[in-house]
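What follows is a short report on a single structure.
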2 protein chains.
Amino acid sequence: MLRTHTCGELRIEDVNKEVTLSGWVQKTRDKGSIIWVDLRDKYGITQLILEEGVSDEALLKKAAKLGREFVIQTKGTVVERLSKNDKIPTGDIEIKVSSIEVLNPSKVPPFTIENDTDGGEDLRMKYRYLDLRRETVRKKLQLRHQLMRETRAYLDGVNFIEVETPVLIKSTPEGARDFVVPSRMNPGEFYALPQSPQTFKQLLMVSGFDRYYQIVKCFRDEDLRADRQPEFTQIDCELSFVERKDVLDTFEGLVRHLFKNVKGIDIGEVPHMAYDDAMKYYGSDKPDIRFDMKFVELNDVAQGKGFQVFDSAELVVGINAKGCAEYTRKQLDALTDYVKRPQVGAKGLVYVKYNEDGTFKSSVDKFYSQEDLKAWADKMDAKPGDLLLVLSGDTDHTRKAMNELRLHMGSELGLRKKDEYKLLWVVDFPLLEWDEESQRFHAMHHPFTSPIPEDLDKLEHTPGDVKANAYDLVVNGVELGGGSIRIHDRAVQQRMFKALGFTEEEAQAQFGFLLEAFEYGAPPHGGIAFGFDRLCALFGGSDSIRDYIAFPKNNSGRDVMIDTPSVIDNAQLEELSLRLNLKD
Amino acid sequence: MLRTHTCGELRIEDVNKEVTLSGWVQKTRDKGSIIWVDLRDKYGITQLILEEGVSDEALLKKAAKLGREFVIQTKGTVVERLSKNDKIPTGDIEIKVSSIEVLNPSKVPPFTIENDTDGGEDLRMKYRYLDLRRETVRKKLQLRHQLMRETRAYLDGVNFIEVETPVLIKSTPEGARDFVVPSRMNPGEFYALPQSPQTFKQLLMVSGFDRYYQIVKCFRDEDLRADRQPEFTQIDCELSFVERKDVLDTFEGLVRHLFKNVKGIDIGEVPHMAYDDAMKYYGSDKPDIRFDMKFVELNDVAQGKGFQVFDSAELVVGINAKGCAEYTRKQLDALTDYVKRPQVGAKGLVYVKYNEDGTFKSSVDKFYSQEDLKAWADKMDAKPGDLLLVLSGDTDHTRKAMNELRLHMGSELGLRKKDEYKLLWVVDFPLLEWDEESQRFHAMHHPFTSPIPEDLDKLEHTPGDVKANAYDLVVNGVELGGGSIRIHDRAVQQRMFKALGFTEEEAQAQFGFLLEAFEYGAPPHGGIAFGFDRLCALFGGSDSIRDYIAFPKNNSGRDVMIDTPSVIDNAQLEELSLRLNLKD
């Protein structure tokens, strides 16, 4: 037996026990006559002690030579410590060592295995297995496991069944780019890796499975951004005989369960917000509602006073930065620089200081009287001491830029607290969006998303006005999940395809097996999918999903630890009926 | 709200309630003045009733037109049935219908949606979503979910952490053939899909995760047999600071938990059997020990009597078919035909009947006296009424053939009961096997499998005699899982590679990152993996794993429902820097 106890287990009650421990040498302190060794495993740290005159000479020598990260087995007696360490649960005791066996030595690690490591990102990615040894990193994966367990506990408890859907599926031209897998047994043909189990979960509803879920790997061959991974994990769900309210209630229940059981937080009722309102008041379909600072449209009070920039703008919109009237020239210049960044994209920023004495000082005093500015302030519910920030231009870009500015101000003013969680259902998304390039409407979600019942008859005449029976769950400005009620009525489905400009043949070629399935009694159904990596990051209080993935890939889609992707040999290509077609 | 109750929920206590149900029309019985409709969902069947004179005329007409598998919503009152049906839990009540809405009509399904369907295998595969509607099929996937839940409950309960390892990994030349995934971002390079997370779970041990598991999809591009699938699911586990006993105890605990909680069976202590004994007494490394009928080697009593066939054989071996002395000529001929089949491969069969009167009648009476045959019988612990069946030839083939014959006799005699479960650990496998083709030893499991400690020093001189610290769990003659204690000592690993004929460079090229990881303090560790699809089939009492997979592929690796693999377009190939290289 390699150990009788773990390194996190022994307490004062265990004094006098003969024990065997195994683990890693965290550090040794050699005070000449006494050597202490901190022995570490997943469960904790236990202190070993060897004393000159008490311990065997050879044993002392052995202990003195132990390096960091050596794996050892030690036997000894549990004794009470002279100076206790109340920072660790084993701090009342130490082990009087009678033997040490080095199970495996270790080279000096390329960075320190401490929560505060000296290793840079690249080095830690290459030696991910050492990075994972750090408690802070391991705890992130323990949180992931806990979230997985609680998700399953909740869904199993309300009659969901977990069903594994295939990984080797069919490539479809819709959506993002597929990863493909050449089939050796079917030369010239390919499988695709799923971007989501969408069609399979709908088929399971046709099969009468009623409530399905799966915590499942999905794949997208996209150019990677910092928070994207080529393979990612989803909580994927679908329900039959439901309307929107049923779905939202069920998954509000899931999220409530997770927050309660994992973070001890009661999220309360989750408000709903229409997509149009989210865009109008926050300039985003995933507003961060931890703070207010809503957009106020100022066209009626700001236009027609001779300020050409505003007069020619489609939208003039402001936010009220409460209590910021004291901002210095330098601070205001920095804000102007901020909004001019390409990723924000505004041409300039107008500010109005509402001074404590009731006067106004603005960057457009040439065009606007004190009364004019008072009208703005009234509209924006501003008080002396507030700072009004105003952008203008075409509606879409101005809202987008103002969203960035609002979030920036929220961060600057400390209004986006990491430990505060504000949830929101965004509903009533547009069903279709016009695509300039192909000169046709595209489905904003996918072609099986149902319109809201009251908009059905707009599908033929004003398709751009039709709202989808779709919903997103937004937490602190991050989209955590989304879904929709699906179309189950064949006639509606045909009208939808027509609105998308599909011929019947095209619809058949792309979605044939699903359409056929729908002819054999498809129940009304709907579902949702949550980004599980992002959920973990949110619960862990981190912006990066990468920390919550055991073996992540970098921004070029490489795993630098195992060095993949990599070349395969010609015989393998030959067997797959493939040849490389490299450009250079 | 589409339903107030499911179709399996209402009881006599619910009489007089106004309810809304939704589901599929299982069948309608139209008796002219009364129409009954069986409404089905996942949860059960509820009977609807409409009566002439009571129900609205239009409603009766609507009900009369309902076809099988139509999806309807109905409202009505729960009433007590006149003639109760005690076969279903809702059999005391029926619904007096006040309205019916057809949510979706259905074409006539290509086969009946009944447990006893009239649909053939091919048709049911093509319409898998309808096949899954049958209760008997759905229950198989419910069993799968239950096994998944109980597996997680047990492992979570004994401190395991589930960690997701990557699906896009690195192709290695060892083992079975990999599925590969071309990388668009890294032209000319490929990912591989994992055959198992072996290296990652070992790295997690190096990371100090201590106890890891994952229920995980794995992939093998092999020519498919009936019970193989290109993608399959494993319960994959690894533990640190363990010896063999720790691993076997832990996973005997898992299997005990599953049998107890899913089937209500106590499996008792699981015996251990050495590989050499399994081969000697059962001719198989996965013996079915539901019945005895062990091999008895007869060389000493059967050779040297002038029967050339036996005299020239490396092995003469018999089994005792208890109570079969009455077998007819025809039955014995059938057995001879059986052993001569190519998949059994014997040249002929010798039988000895031990008659009730104490005499012997054999197919080799010409060569053996009654005393000779008595000596066989004694050796085989035979009694009057028994039938001895004897094969001979070279050891390996004869054992293999006798294994088949033993299993065949076990089945014929009803000794392999579906509801009886006999578990067995097979241990002490050979570490290496000689490969004639490459004229070198190959690792029987993989090159990281540890030798048993006492055989370590044979590695250089008699490598073929070294036993591996490996183990398989066998249930009723089926290998359910297997694993080993791994090598964690760098010196032993080098000796192992040398025994395998690897140069240091070759070892580095193939397993470099793992070898490097082992230099930073790898703990002693070992693990196991269970075939989860097979586990489900075993618990479901089926021989085929395909039934327990929601959307399986056929023997050519095709999913005939979604029709994949399929061609992809040239633009996609171009993007992946690939070109087809078809032979025809």
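Letters A, B, ... mark the chains of the structure tokens in the order given; residue numbers begin at 1 per chain; ligand numbers begin at 1, in order shown.
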Could you pull out all residues of region 273-400 of chain A with a DSSP call of helix (DSSP H, G or I) and give them as a ChimeraX atom specification?
/A:275-282,299-302,308-311,329-340,370-379,395-400
List the spatial neighbours of Asn581 (chain B) as an MDAnalysis selection string - criterion: any atom at most 8 Å away, only C-alpha atoms, same-chain residues fewer than 6 positions off excluded.
chainID A and resid 188 574 577:579
Could you tell me which of A:Gly477, A:Ala571, A:Leu538, A:His442 comes closest to Ala499 (chain A) if we count only C-alpha atoms?
A:His442
Could you pull out the residues in region 97-243 of chain B that DSSP calls strand (DSSP E or B) from the backbone, as a VMD selection string?
chain B and resid 97 to 104 106 161 to 162 169 180 to 182 190 to 192 211 to 219 231 to 240
Taking 6 positions as the minimum chain separation for residues in the same chain, which residues sit within 12 Å of Arg416 (chain A) when counting only C-alpha atoms? Answer as an MDAnalysis selection string.
chainID A and resid 287:293 406:410 422 475:477 541
The selected residues should be written to file as a PDB file, in the first residue's frame (atoms: C-alpha atoms).
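again_4.pdb, freshly written:
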ATOM      1  CA  PRO A 287     -26.579  44.200 -21.929  1.00  0.00           C
ATOM      2  CA  ASP A 288     -24.694  44.253 -18.664  1.00  0.00           C
ATOM      3  CA  ILE A 289     -27.434  45.292 -16.226  1.00  0.00           C
ATOM      4  CA  ARG A 290     -25.271  45.322 -13.131  1.00  0.00           C
ATOM      5  CA  PHE A 291     -25.450  49.085 -13.622  1.00  0.00           C
ATOM      6  CA  ASP A 292     -28.009  51.459 -15.110  1.00  0.00           C
ATOM      7  CA  MET A 293     -26.571  54.251 -17.316  1.00  0.00           C
ATOM      8  CA  ARG A 406     -21.056  52.619 -21.420  1.00  0.00           C
ATOM      9  CA  LEU A 407     -19.188  49.407 -20.502  1.00  0.00           C
ATOM     10  CA  HIS A 408     -15.934  51.349 -20.318  1.00  0.00           C
ATOM     11  CA  MET A 409     -17.480  53.917 -17.958  1.00  0.00           C
ATOM     12  CA  GLY A 410     -19.057  51.117 -15.932  1.00  0.00           C
ATOM     13  CA  LYS A 422     -27.317  40.066 -12.834  1.00  0.00           C
ATOM     14  CA  VAL A 475     -25.276  37.244 -17.320  1.00  0.00           C
ATOM     15  CA  ASN A 476     -23.283  40.385 -16.609  1.00  0.00           C
ATOM     16  CA  GLY A 477     -23.159  41.237 -20.289  1.00  0.00           C
ATOM     17  CA  GLY A 541     -14.763  34.955 -11.976  1.00  0.00           C
TER      18      GLY A 541
END
